[in-house]
Amino acid sequence: MAKILMKGAEAIAEAAIEAGCQAYFGYPITPQNEVPEYFAKRMPKLGRTFLQAESELASINMVYGAASAGVRVMTSSSSPGIALMQEGISYLAASRLPCVIANFMRGGPGLGGIQPSQADYFQATRGGGNGDYYLVVYAPATLQEMCDLTKEAFDVAEQYRLPVMILADGTLGQMMEPVELGNYVPRTKADMTWAATGFQGGKPRSIINSLYIQPEELEERCLAMFDTYREIQAHEIRVEEFHVEGAQLIVGAYGTMARIVKSVIMQLDQAGGPKVGLVRPITLWPFPQEAFAKAAAQESVQAVLSVEMSMGQMVEDIRLAVNGRKPVSFFGRTGGMIPTAKEVREQILALCNGGKE
Amino acid sequence: MAKECRRPKALTDTPFHYCPGCTHGIVHRLVAEAIDHLGIREKTVGIAPVGCAVFAYNYFNTDMLEAAHGRAPAVATGMKRVRPDNIVFTYQGDGDLSSIGCAEITHAANRGENITVIFINNAVYGMTGGQMAPTTLLGQVTTTSPYGRDPKDSGYPLHMAELLATTRGAAYIERVSAHDVPHIRKAGQAIEKAFRYQMEGKGFSMIEVLSTCPTNWGMTPVQAMQWVKDEMVAQYPLGVYKDLGEKEA
Ligand SMILES: Cc1ncc(C[n+]2csc(CCOP(=O)(O)OP(=O)(O)O)c2C)c(N)n1
Ligand code: SF4
């Protein structure tokens, strides 16, 4: 299929539809209003469900209901709305329900602003709600990648029975890029017999639940979830490494920020500047620890830098991965400010050779 | 004709954990009898609340979901929208439905979601130990209204049946009581009708059941039944608040 020029918020919706998303529940919030608007137009024509909920609290609980029925379901929002969904996300994770949640992050805390941000990293990668759990968190950098990861997210959610988050910054919702759709190759269909659909067909009674009043039972339940998490860590880590071999400096960045870093690295390369490598996590959870550890362990590497659209969140995971082998520093802007290529370049040069090219 | 007395198929044989004199058990049975009578057990999905009925998933012999506190109507909406052929009901207490979940129930009613809601109004938060609910009567002593509910601080008893009957989406709203046999019979008929309306695609229905919580009211079961009859019925008049009947099927 030919590439078409699409806005990010619409492209993700179309990708979800291609992956067989049967229902979308959401509540308007900038910068992703085009997601519900797109679904509102498309879903009725396909005989599928679109519903504007009365709040994000309601949307995520509608997701819980539809996911319990075993259908592919999605919601999307931006930071304050995702904050409101955390109760439901915890229940989804605990009840082992598959679904896809997209967060087009905007500046925070509080009502914050409407410009792009990456300040929900902690919330996304540490579960976000109450209790011991994780989500699989994908961080696309281009619209094509966002479409591909969204389709895969539905498969991964069903395979491991958990909520999967697409953690995109607001830029990815608002920008336009050519995308190729219609190329979805699904994974093997997961067993969905656990779904609550009534006894039709004589299946055993389904109970979708997260209450375990006996601590032994609840612990066992959590341990089983963590077995799944280990399996995910073994099979689902995704990372892009760019110019890492023999680099003097390793930069960690994801999403839109990684695109800016990459362009700076290419500029430096062309100008015969210092050798800088990029490690770009595509899964933020599970985090590509190994990739950072290995890259930083190279003899050539003097330092590691995390560049983020936040006050420094992923940098903590990078520090854990590098584990003191090399100094790890941070550069970022927040509140909807995006570090410019010039600022990033200055930071990189300062770390490489005292600011000289 | 001889009448058989046996456990409805739509109840499991797990013994209820409810206190003596609590009407949760009676209402569970009425719901189960309605499901049996309509022959819909195989396609019914029930949604349990957070409250004393949290373990309803152990009792109703249907597929069951456990929802977060107050969110059952949103969960029911998600389920019903993607599986319109299933029969979906929620079973909620007054803290669950009229306090923390007031938004979810109002919008589910207003959208005319084709679901059945069983609403247990016992004028307190049972599970957490008898705190004040939006439905607590004026002057009623609870653990968080130790001097009696004072409207200057805590407002007035919330009348959910009356409130939801003002939404155009609601098809059938009735308030019944579980304090004696004739009223329990009537409650059973209302519950069955609410499920039948869902089967007929009529839309949202809610049956509010005036119920007891002898444990947290500090009463014997008999006193509690009497208190429902004397005090609660006076505050919460019984009757049909809305019935679209055959008109807007
Ligand atoms: C978000 C959240 N807040 C508070 C609670 C604690 N809680 C559990 S049950 C309950 C009240 C239930 O009262 P009601 O709905 O009237 O049901 P009853 O127990 O009387 O049947 C509360 C506040 C909770 N589980 N979740
Ligand atoms: S605490 Fe009250 S509502 Fe709960 S089971 Fe006991 S009597 Fe019933």
# chains A, B, ... in the order shown; residues from 1 in each chain; ligands from 1
call {"tool": "interface_residues", "arguments": {"of": "chain A", "to": "chain B", "cutoff": "7 Å", "atoms": "only C-alpha atoms", "output": "list of chain:residue names"}}
result
A:Thr49, A:Glu54, A:Ala58, A:Asn61, A:Met62, A:Val63, A:Tyr64, A:Gly65, A:Ala66, A:Ala69, A:Ala196, A:Thr197, A:Gly198, A:Phe199, A:Gln200, A:Arg205, A:Ser206, A:Ile207, A:Ile208, A:Asn209
call {"tool": "write_last_selection", "arguments": {"atoms": "N, CA, C and O atoms", "output": "mmCIF file, in the first residue's frame"}}
result
data_model
loop_
_atom_site.group_PDB
_atom_site.id
_atom_site.type_symbol
_atom_site.label_atom_id
_atom_site.label_comp_id
_atom_site.auth_asym_id
_atom_site.auth_seq_id
_atom_site.Cartn_x
_atom_site.Cartn_y
_atom_site.Cartn_z
ATOM 1 N N THR A 49 -17.562 0.000 17.959
ATOM 2 C CA THR A 49 -18.023 0.905 19.008
ATOM 3 C C THR A 49 -17.125 2.119 19.174
ATOM 4 O O THR A 49 -15.915 1.974 19.366
ATOM 5 N N GLU A 54 -18.012 10.111 29.949
ATOM 6 C CA GLU A 54 -18.238 11.334 30.727
ATOM 7 C C GLU A 54 -16.966 11.814 31.415
ATOM 8 O O GLU A 54 -16.929 12.938 31.930
ATOM 9 N N ALA A 58 -14.394 7.185 33.568
ATOM 10 C CA ALA A 58 -15.393 6.341 32.913
ATOM 11 C C ALA A 58 -14.771 5.641 31.707
ATOM 12 O O ALA A 58 -14.990 4.443 31.509
ATOM 13 N N ASN A 61 -12.796 2.617 32.643
ATOM 14 C CA ASN A 61 -13.643 1.543 33.165
ATOM 15 C C ASN A 61 -14.510 0.920 32.073
ATOM 16 O O ASN A 61 -14.855 -0.257 32.148
ATOM 17 N N MET A 62 -14.842 1.702 31.060
ATOM 18 C CA MET A 62 -15.514 1.128 29.890
ATOM 19 C C MET A 62 -14.538 0.189 29.174
ATOM 20 O O MET A 62 -14.919 -0.889 28.698
ATOM 21 N N VAL A 63 -13.270 0.624 29.107
ATOM 22 C CA VAL A 63 -12.231 -0.247 28.541
ATOM 23 C C VAL A 63 -12.187 -1.560 29.330
ATOM 24 O O VAL A 63 -12.118 -2.649 28.755
ATOM 25 N N TYR A 64 -12.278 -1.444 30.648
ATOM 26 C CA TYR A 64 -12.259 -2.636 31.513
ATOM 27 C C TYR A 64 -13.416 -3.581 31.148
ATOM 28 O O TYR A 64 -13.224 -4.795 31.034
ATOM 29 N N GLY A 65 -14.588 -3.012 30.950
ATOM 30 C CA GLY A 65 -15.758 -3.830 30.603
ATOM 31 C C GLY A 65 -15.599 -4.504 29.254
ATOM 32 O O GLY A 65 -15.864 -5.702 29.108
ATOM 33 N N ALA A 66 -15.149 -3.745 28.253
ATOM 34 C CA ALA A 66 -15.002 -4.316 26.910
ATOM 35 C C ALA A 66 -13.858 -5.320 26.878
ATOM 36 O O ALA A 66 -13.965 -6.371 26.232
ATOM 37 N N ALA A 69 -14.766 -8.663 27.981
ATOM 38 C CA ALA A 69 -15.498 -9.439 26.976
ATOM 39 C C ALA A 69 -14.550 -10.064 25.954
ATOM 40 O O ALA A 69 -14.977 -10.804 25.077
ATOM 41 N N ALA A 196 -15.225 -13.033 29.686
ATOM 42 C CA ALA A 196 -16.579 -13.164 30.221
ATOM 43 C C ALA A 196 -17.566 -12.842 29.117
ATOM 44 O O ALA A 196 -17.770 -11.683 28.770
ATOM 45 N N THR A 197 -18.163 -13.888 28.575
ATOM 46 C CA THR A 197 -19.104 -13.691 27.471
ATOM 47 C C THR A 197 -20.383 -14.465 27.721
ATOM 48 O O THR A 197 -21.153 -14.711 26.818
ATOM 49 N N GLY A 198 -20.605 -14.892 28.969
ATOM 50 C CA GLY A 198 -21.701 -15.808 29.247
ATOM 51 C C GLY A 198 -21.220 -17.233 29.028
ATOM 52 O O GLY A 198 -20.118 -17.450 28.542
ATOM 53 N N PHE A 199 -22.067 -18.192 29.404
ATOM 54 C CA PHE A 199 -21.635 -19.601 29.327
ATOM 55 C C PHE A 199 -21.737 -20.185 27.925
ATOM 56 O O PHE A 199 -21.495 -21.367 27.741
ATOM 57 N N GLN A 200 -22.177 -19.399 26.962
ATOM 58 C CA GLN A 200 -22.410 -19.960 25.627
ATOM 59 C C GLN A 200 -21.261 -20.880 25.226
ATOM 60 O O GLN A 200 -20.100 -20.514 25.371
ATOM 61 N N ARG A 205 -17.373 -20.897 34.091
ATOM 62 C CA ARG A 205 -17.770 -19.561 34.506
ATOM 63 C C ARG A 205 -16.540 -18.655 34.572
ATOM 64 O O ARG A 205 -15.519 -19.026 35.144
ATOM 65 N N SER A 206 -16.634 -17.467 33.986
ATOM 66 C CA SER A 206 -15.517 -16.508 34.049
ATOM 67 C C SER A 206 -15.739 -15.543 35.197
ATOM 68 O O SER A 206 -16.834 -15.010 35.356
ATOM 69 N N ILE A 207 -14.688 -15.314 35.974
ATOM 70 C CA ILE A 207 -14.723 -14.272 36.994
ATOM 71 C C ILE A 207 -13.522 -13.374 36.742
ATOM 72 O O ILE A 207 -12.389 -13.830 36.775
ATOM 73 N N ILE A 208 -13.786 -12.116 36.439
ATOM 74 C CA ILE A 208 -12.710 -11.149 36.211
ATOM 75 C C ILE A 208 -12.620 -10.313 37.479
ATOM 76 O O ILE A 208 -13.561 -9.600 37.815
ATOM 77 N N ASN A 209 -11.497 -10.393 38.164
ATOM 78 C CA ASN A 209 -11.464 -9.877 39.519
ATOM 79 C C ASN A 209 -10.051 -9.494 39.921
ATOM 80 O O ASN A 209 -9.083 -10.058 39.431
#
call {"tool": "residues_around", "arguments": {"residues": "Pro140 of chain A", "least_positions_apart": "4", "cutoff": "6 Å", "atoms": "only C-alpha atoms", "output": "VMD selection string"}}
result
chain A and resid 145 to 146 255
call {"tool": "write_last_selection", "arguments": {"atoms": "N, CA and C atoms", "output": "compact mmCIF listing (two decimals), in the first residue's frame"}}
result
# COMPACT_ATOMS: atom_id res chain seq x y z
N GLU A 145 6.46 4.42 13.01
CA GLU A 145 6.75 3.53 14.14
C GLU A 145 5.54 3.48 15.10
N MET A 146 4.89 4.63 15.30
CA MET A 146 3.72 4.66 16.19
C MET A 146 2.62 3.73 15.66
N GLY A 255 11.61 8.82 21.70
CA GLY A 255 10.55 9.59 21.07
C GLY A 255 11.09 10.76 20.26
call {"tool": "residues_around", "arguments": {"residues": "segment 277-290 of chain A", "least_positions_apart": "5", "cutoff": "7 Å", "atoms": "only C-alpha atoms", "output": "list in words"}}
result
Thr125, Leu135, Val136, Val137, Tyr138, Ala139, Pro140, Gln233, Ile237, Arg238, Val239, Glu240, Glu241, Phe242, His243, Val244, Ala247, Leu249, Ile250, Val251, Gly252, Ala253, Tyr254, Ala258, Lys262 and Ala321 of chain A
call {"tool": "write_last_selection", "arguments": {"atoms": "N, CA and C atoms", "output": "PDB file, in the first residue's frame"}}
result
ATOM      1  N   THR A 125       6.270   4.049  33.452  1.00  0.00           N
ATOM      2  CA  THR A 125       7.165   2.897  33.569  1.00  0.00           C
ATOM      3  C   THR A 125       7.120   2.245  34.945  1.00  0.00           C
ATOM      4  N   LEU A 135       3.293  -1.975  33.061  1.00  0.00           N
ATOM      5  CA  LEU A 135       2.677  -2.019  31.747  1.00  0.00           C
ATOM      6  C   LEU A 135       3.815  -2.209  30.753  1.00  0.00           C
ATOM      7  N   VAL A 136       3.513  -2.753  29.589  1.00  0.00           N
ATOM      8  CA  VAL A 136       4.489  -2.648  28.501  1.00  0.00           C
ATOM      9  C   VAL A 136       4.332  -1.235  27.948  1.00  0.00           C
ATOM     10  N   VAL A 137       5.436  -0.511  27.837  1.00  0.00           N
ATOM     11  CA  VAL A 137       5.369   0.885  27.393  1.00  0.00           C
ATOM     12  C   VAL A 137       6.216   1.068  26.133  1.00  0.00           C
ATOM     13  N   TYR A 138       5.560   1.428  25.039  1.00  0.00           N
ATOM     14  CA  TYR A 138       6.262   1.691  23.782  1.00  0.00           C
ATOM     15  C   TYR A 138       6.428   3.187  23.587  1.00  0.00           C
ATOM     16  N   ALA A 139       7.611   3.579  23.092  1.00  0.00           N
ATOM     17  CA  ALA A 139       7.893   4.994  22.852  1.00  0.00           C
ATOM     18  C   ALA A 139       8.269   5.216  21.392  1.00  0.00           C
ATOM     19  N   PRO A 140       7.278   5.429  20.537  1.00  0.00           N
ATOM     20  CA  PRO A 140       7.586   5.636  19.117  1.00  0.00           C
ATOM     21  C   PRO A 140       8.265   6.978  18.867  1.00  0.00           C
ATOM     22  N   GLN A 233      10.418  -9.317  29.665  1.00  0.00           N
ATOM     23  CA  GLN A 233      11.790  -8.775  29.661  1.00  0.00           C
ATOM     24  C   GLN A 233      12.702  -9.625  28.782  1.00  0.00           C
ATOM     25  N   ILE A 237      12.016  -6.682  24.651  1.00  0.00           N
ATOM     26  CA  ILE A 237      12.781  -5.431  24.700  1.00  0.00           C
ATOM     27  C   ILE A 237      13.104  -4.968  23.280  1.00  0.00           C
ATOM     28  N   ARG A 238      12.892  -3.690  23.038  1.00  0.00           N
ATOM     29  CA  ARG A 238      13.206  -3.117  21.719  1.00  0.00           C
ATOM     30  C   ARG A 238      14.044  -1.875  21.921  1.00  0.00           C
ATOM     31  N   VAL A 239      15.079  -1.753  21.104  1.00  0.00           N
ATOM     32  CA  VAL A 239      15.953  -0.602  21.234  1.00  0.00           C
ATOM     33  C   VAL A 239      16.622  -0.339  19.886  1.00  0.00           C
ATOM     34  N   GLU A 240      16.851   0.919  19.596  1.00  0.00           N
ATOM     35  CA  GLU A 240      17.621   1.260  18.404  1.00  0.00           C
ATOM     36  C   GLU A 240      18.981   1.791  18.844  1.00  0.00           C
ATOM     37  N   GLU A 241      20.034   1.252  18.242  1.00  0.00           N
ATOM     38  CA  GLU A 241      21.372   1.773  18.541  1.00  0.00           C
ATOM     39  C   GLU A 241      21.911   2.435  17.285  1.00  0.00           C
ATOM     40  N   PHE A 242      22.430   3.629  17.441  1.00  0.00           N
ATOM     41  CA  PHE A 242      22.853   4.433  16.285  1.00  0.00           C
ATOM     42  C   PHE A 242      24.251   4.979  16.556  1.00  0.00           C
ATOM     43  N   HIS A 243      25.232   4.560  15.737  1.00  0.00           N
ATOM     44  CA  HIS A 243      26.627   5.035  15.861  1.00  0.00           C
ATOM     45  C   HIS A 243      27.225   4.749  17.249  1.00  0.00           C
ATOM     46  N   VAL A 244      26.801   3.645  17.854  1.00  0.00           N
ATOM     47  CA  VAL A 244      27.216   3.371  19.237  1.00  0.00           C
ATOM     48  C   VAL A 244      28.658   2.850  19.311  1.00  0.00           C
ATOM     49  N   ALA A 247      32.003   4.889  20.155  1.00  0.00           N
ATOM     50  CA  ALA A 247      31.640   6.288  20.446  1.00  0.00           C
ATOM     51  C   ALA A 247      32.365   6.770  21.700  1.00  0.00           C
ATOM     52  N   LEU A 249      30.902   9.413  23.420  1.00  0.00           N
ATOM     53  CA  LEU A 249      29.786   9.765  24.297  1.00  0.00           C
ATOM     54  C   LEU A 249      28.550   8.967  23.861  1.00  0.00           C
ATOM     55  N   ILE A 250      27.833   8.427  24.833  1.00  0.00           N
ATOM     56  CA  ILE A 250      26.564   7.742  24.531  1.00  0.00           C
ATOM     57  C   ILE A 250      25.422   8.638  25.008  1.00  0.00           C
ATOM     58  N   VAL A 251      24.502   8.933  24.094  1.00  0.00           N
ATOM     59  CA  VAL A 251      23.327   9.706  24.476  1.00  0.00           C
ATOM     60  C   VAL A 251      22.127   8.765  24.527  1.00  0.00           C
ATOM     61  N   GLY A 252      21.332   8.861  25.597  1.00  0.00           N
ATOM     62  CA  GLY A 252      20.067   8.135  25.688  1.00  0.00           C
ATOM     63  C   GLY A 252      18.934   9.122  25.461  1.00  0.00           C
ATOM     64  N   ALA A 253      18.036   8.788  24.547  1.00  0.00           N
ATOM     65  CA  ALA A 253      16.873   9.650  24.299  1.00  0.00           C
ATOM     66  C   ALA A 253      15.805   8.801  23.634  1.00  0.00           C
ATOM     67  N   TYR A 254      14.528   9.182  23.818  1.00  0.00           N
ATOM     68  CA  TYR A 254      13.448   8.418  23.189  1.00  0.00           C
ATOM     69  C   TYR A 254      12.443   9.371  22.555  1.00  0.00           C
ATOM     70  N   ALA A 258      14.678  11.805  20.664  1.00  0.00           N
ATOM     71  CA  ALA A 258      15.694  10.978  20.010  1.00  0.00           C
ATOM     72  C   ALA A 258      15.912  11.420  18.567  1.00  0.00           C
ATOM     73  N   LYS A 262      19.479  12.490  17.169  1.00  0.00           N
ATOM     74  CA  LYS A 262      20.021  11.806  15.994  1.00  0.00           C
ATOM     75  C   LYS A 262      20.487  12.817  14.948  1.00  0.00           C
ATOM     76  N   ALA A 321      21.322   1.212  34.794  1.00  0.00           N
ATOM     77  CA  ALA A 321      21.892   0.308  33.785  1.00  0.00           C
ATOM     78  C   ALA A 321      23.404   0.472  33.700  1.00  0.00           C
TER      79      ALA A 321
END
call {"tool": "residues_around", "arguments": {"residues": "Val31 of chain B", "least_positions_apart": "3", "cutoff": "12 Å", "atoms": "only C-alpha atoms", "output": "PyMOL selection string"}}
result
chain B and resi 8-11+24-28+34-38+40-41+44+46+56+59-62+89-91+116-119+184-185+187-196+207+209
call {"tool": "closest_atom_pairs", "arguments": {"of": "chain A", "to": "ligand 1", "cutoff": "12 Å", "atoms": "only C-alpha atoms and all ligand atoms", "output": "tab-separated table"}}
result
residue	atom	partner	partner_atom_place_in_ligand_line	distance
A:Leu57	CA	ligand 1	1 (C)	11.5
A:Gln86	CA	ligand 1	1 (C)	11.2
A:Glu87	CA	ligand 1	1 (C)	7.9
A:Gly88	CA	ligand 1	1 (C)	10.3
A:Ser90	CA	ligand 1	1 (C)	11.7
A:Tyr91	CA	ligand 1	1 (C)	11.2
A:Gly129	CA	ligand 1	1 (C)	11.6
A:Asn130	CA	ligand 1	1 (C)	10.7
A:Ser210	CA	ligand 1	25 (N)	11.6
A:Leu211	CA	ligand 1	25 (N)	10.1
call {"tool": "closest_atom_pairs", "arguments": {"of": "chain B", "to": "ligand 2", "cutoff": "9 Å", "atoms": "only C-alpha atoms and all ligand atoms", "output": "Markdown table"}}
result
| residue | atom | partner | partner_atom_place_in_ligand_line | distance |
| --- | --- | --- | --- | --- |
| B:His17 | CA | ligand 2 | 5 (S) | 6.9 |
| B:Tyr18 | CA | ligand 2 | 5 (S) | 3.9 |
| B:Cys19 | CA | ligand 2 | 6 (Fe) | 4.2 |
| B:Pro20 | CA | ligand 2 | 7 (S) | 6.9 |
| B:Gly21 | CA | ligand 2 | 7 (S) | 6.6 |
| B:Cys22 | CA | ligand 2 | 8 (Fe) | 4.3 |
| B:Thr23 | CA | ligand 2 | 8 (Fe) | 6.6 |
| B:His24 | CA | ligand 2 | 8 (Fe) | 6.0 |
| B:Gly25 | CA | ligand 2 | 8 (Fe) | 8.3 |
| B:Gly51 | CA | ligand 2 | 4 (Fe) | 7.6 |
| B:Cys52 | CA | ligand 2 | 4 (Fe) | 4.6 |
| B:Ala53 | CA | ligand 2 | 4 (Fe) | 7.6 |
| B:Gly93 | CA | ligand 2 | 3 (S) | 8.5 |
| B:Ile120 | CA | ligand 2 | 3 (S) | 8.9 |
| B:Asn122 | CA | ligand 2 | 3 (S) | 7.0 |
| B:Val124 | CA | ligand 2 | 3 (S) | 8.0 |
| B:Tyr125 | CA | ligand 2 | 3 (S) | 7.5 |
| B:Gly126 | CA | ligand 2 | 1 (S) | 4.2 |
| B:Met127 | CA | ligand 2 | 4 (Fe) | 5.2 |
| B:Thr128 | CA | ligand 2 | 1 (S) | 7.9 |
| B:Gly129 | CA | ligand 2 | 1 (S) | 6.8 |
| B:Gly130 | CA | ligand 2 | 1 (S) | 7.3 |
| B:Ser211 | CA | ligand 2 | 3 (S) | 8.2 |
| B:Thr212 | CA | ligand 2 | 7 (S) | 6.4 |
| B:Cys213 | CA | ligand 2 | 2 (Fe) | 3.6 |
| B:Pro214 | CA | ligand 2 | 7 (S) | 5.1 |
| B:Thr215 | CA | ligand 2 | 7 (S) | 4.8 |
| B:Asn216 | CA | ligand 2 | 2 (Fe) | 5.8 |
| B:Trp217 | CA | ligand 2 | 2 (Fe) | 8.0 |
| B:Pro221 | CA | ligand 2 | 7 (S) | 8.8 |
call {"tool": "write_last_selection", "arguments": {"atoms": "N, CA and C atoms", "output": "PDB file, in the first residue's frame"}}
result
ATOM      1  N   HIS B  17     -21.818 -14.439  53.019  1.00  0.00           N
ATOM      2  CA  HIS B  17     -21.080 -13.957  54.193  1.00  0.00           C
ATOM      3  C   HIS B  17     -21.850 -12.845  54.898  1.00  0.00           C
ATOM      4  N   TYR B  18     -23.051 -12.527  54.425  1.00  0.00           N
ATOM      5  CA  TYR B  18     -23.779 -11.376  54.960  1.00  0.00           C
ATOM      6  C   TYR B  18     -24.215 -11.603  56.405  1.00  0.00           C
ATOM      7  N   CYS B  19     -24.329 -10.509  57.155  1.00  0.00           N
ATOM      8  CA  CYS B  19     -24.720 -10.584  58.565  1.00  0.00           C
ATOM      9  C   CYS B  19     -26.169 -11.074  58.681  1.00  0.00           C
ATOM     10  N   PRO B  20     -26.523 -11.614  59.840  1.00  0.00           N
ATOM     11  CA  PRO B  20     -27.919 -11.991  60.058  1.00  0.00           C
ATOM     12  C   PRO B  20     -28.823 -10.762  59.918  1.00  0.00           C
ATOM     13  N   GLY B  21     -29.917 -10.922  59.213  1.00  0.00           N
ATOM     14  CA  GLY B  21     -30.868  -9.824  59.073  1.00  0.00           C
ATOM     15  C   GLY B  21     -30.516  -8.840  57.974  1.00  0.00           C
ATOM     16  N   CYS B  22     -29.405  -9.095  57.267  1.00  0.00           N
ATOM     17  CA  CYS B  22     -29.009  -8.220  56.150  1.00  0.00           C
ATOM     18  C   CYS B  22     -29.821  -8.606  54.923  1.00  0.00           C
ATOM     19  N   THR B  23     -30.347  -7.626  54.227  1.00  0.00           N
ATOM     20  CA  THR B  23     -31.199  -7.946  53.078  1.00  0.00           C
ATOM     21  C   THR B  23     -30.407  -8.159  51.777  1.00  0.00           C
ATOM     22  N   HIS B  24     -29.085  -7.990  51.811  1.00  0.00           N
ATOM     23  CA  HIS B  24     -28.284  -8.300  50.616  1.00  0.00           C
ATOM     24  C   HIS B  24     -28.607  -9.709  50.111  1.00  0.00           C
ATOM     25  N   GLY B  25     -28.672 -10.671  51.058  1.00  0.00           N
ATOM     26  CA  GLY B  25     -28.918 -12.064  50.673  1.00  0.00           C
ATOM     27  C   GLY B  25     -30.269 -12.233  49.999  1.00  0.00           C
ATOM     28  N   GLY B  51     -18.066  -2.826  48.221  1.00  0.00           N
ATOM     29  CA  GLY B  51     -19.035  -2.675  49.297  1.00  0.00           C
ATOM     30  C   GLY B  51     -19.260  -4.065  49.854  1.00  0.00           C
ATOM     31  N   CYS B  52     -20.266  -4.236  50.688  1.00  0.00           N
ATOM     32  CA  CYS B  52     -20.477  -5.568  51.259  1.00  0.00           C
ATOM     33  C   CYS B  52     -20.750  -6.613  50.193  1.00  0.00           C
ATOM     34  N   ALA B  53     -21.282  -6.202  49.034  1.00  0.00           N
ATOM     35  CA  ALA B  53     -21.582  -7.171  47.987  1.00  0.00           C
ATOM     36  C   ALA B  53     -20.389  -7.420  47.070  1.00  0.00           C
ATOM     37  N   GLY B  93     -24.131  -0.766  46.054  1.00  0.00           N
ATOM     38  CA  GLY B  93     -24.604  -0.147  47.290  1.00  0.00           C
ATOM     39  C   GLY B  93     -24.756   1.358  47.136  1.00  0.00           C
ATOM     40  N   ILE B 120     -28.794  -1.066  46.133  1.00  0.00           N
ATOM     41  CA  ILE B 120     -29.107  -1.388  47.530  1.00  0.00           C
ATOM     42  C   ILE B 120     -28.906  -0.141  48.387  1.00  0.00           C
ATOM     43  N   ASN B 122     -29.049   1.164  51.896  1.00  0.00           N
ATOM     44  CA  ASN B 122     -29.170   0.834  53.321  1.00  0.00           C
ATOM     45  C   ASN B 122     -28.730   2.008  54.200  1.00  0.00           C
ATOM     46  N   VAL B 124     -26.197   3.595  54.818  1.00  0.00           N
ATOM     47  CA  VAL B 124     -24.835   3.691  55.377  1.00  0.00           C
ATOM     48  C   VAL B 124     -23.823   3.007  54.454  1.00  0.00           C
ATOM     49  N   TYR B 125     -22.535   3.234  54.774  1.00  0.00           N
ATOM     50  CA  TYR B 125     -21.464   2.437  54.177  1.00  0.00           C
ATOM     51  C   TYR B 125     -21.341   1.202  55.063  1.00  0.00           C
ATOM     52  N   GLY B 126     -21.792   0.058  54.553  1.00  0.00           N
ATOM     53  CA  GLY B 126     -21.770  -1.148  55.374  1.00  0.00           C
ATOM     54  C   GLY B 126     -20.356  -1.681  55.564  1.00  0.00           C
ATOM     55  N   MET B 127     -19.689  -1.917  54.448  1.00  0.00           N
ATOM     56  CA  MET B 127     -18.439  -2.663  54.494  1.00  0.00           C
ATOM     57  C   MET B 127     -17.354  -1.996  55.351  1.00  0.00           C
ATOM     58  N   THR B 128     -17.285  -0.669  55.278  1.00  0.00           N
ATOM     59  CA  THR B 128     -16.203   0.021  55.982  1.00  0.00           C
ATOM     60  C   THR B 128     -16.574   0.346  57.430  1.00  0.00           C
ATOM     61  N   GLY B 129     -17.755  -0.068  57.860  1.00  0.00           N
ATOM     62  CA  GLY B 129     -18.066   0.042  59.281  1.00  0.00           C
ATOM     63  C   GLY B 129     -19.112   1.076  59.644  1.00  0.00           C
ATOM     64  N   GLY B 130     -20.001   1.394  58.708  1.00  0.00           N
ATOM     65  CA  GLY B 130     -21.163   2.203  59.069  1.00  0.00           C
ATOM     66  C   GLY B 130     -20.961   3.704  59.038  1.00  0.00           C
ATOM     67  N   SER B 211     -32.987  -1.267  52.070  1.00  0.00           N
ATOM     68  CA  SER B 211     -32.392  -2.463  52.658  1.00  0.00           C
ATOM     69  C   SER B 211     -31.927  -2.202  54.076  1.00  0.00           C
ATOM     70  N   THR B 212     -31.557  -3.292  54.743  1.00  0.00           N
ATOM     71  CA  THR B 212     -31.132  -3.185  56.139  1.00  0.00           C
ATOM     72  C   THR B 212     -29.615  -3.299  56.270  1.00  0.00           C
ATOM     73  N   CYS B 213     -29.108  -2.725  57.342  1.00  0.00           N
ATOM     74  CA  CYS B 213     -27.745  -3.006  57.774  1.00  0.00           C
ATOM     75  C   CYS B 213     -27.767  -3.073  59.300  1.00  0.00           C
ATOM     76  N   PRO B 214     -28.389  -4.152  59.850  1.00  0.00           N
ATOM     77  CA  PRO B 214     -28.553  -4.226  61.307  1.00  0.00           C
ATOM     78  C   PRO B 214     -27.224  -4.053  62.042  1.00  0.00           C
ATOM     79  N   THR B 215     -26.151  -4.588  61.477  1.00  0.00           N
ATOM     80  CA  THR B 215     -24.851  -4.525  62.144  1.00  0.00           C
ATOM     81  C   THR B 215     -24.446  -3.090  62.421  1.00  0.00           C
ATOM     82  N   ASN B 216     -24.487  -2.256  61.374  1.00  0.00           N
ATOM     83  CA  ASN B 216     -24.015  -0.884  61.554  1.00  0.00           C
ATOM     84  C   ASN B 216     -25.091   0.060  62.083  1.00  0.00           C
ATOM     85  N   TRP B 217     -26.336  -0.372  62.021  1.00  0.00           N
ATOM     86  CA  TRP B 217     -27.393   0.445  62.625  1.00  0.00           C
ATOM     87  C   TRP B 217     -27.486   0.158  64.129  1.00  0.00           C
ATOM     88  N   PRO B 221     -32.130  -7.839  63.759  1.00  0.00           N
ATOM     89  CA  PRO B 221     -32.749  -7.951  62.436  1.00  0.00           C
ATOM     90  C   PRO B 221     -34.193  -7.458  62.419  1.00  0.00           C
TER      91      PRO B 221
END
call {"tool": "closest_residue", "arguments": {"among": "A:Phe154, A:Phe330, A:Tyr38, A:Tyr212", "to": "Gly8 of chain A", "atoms": "only C-alpha atoms"}}
result
A:Tyr38
call {"tool": "residues_around", "arguments": {"residues": "segment 106-120 of chain A", "least_positions_apart": "4", "cutoff": "6 Å", "atoms": "only C-alpha atoms", "output": "list in words"}}
result
Ser79, Asp169, Gly170, Thr171, Met309, Ser310, Gly335 and Gly336 of chain A
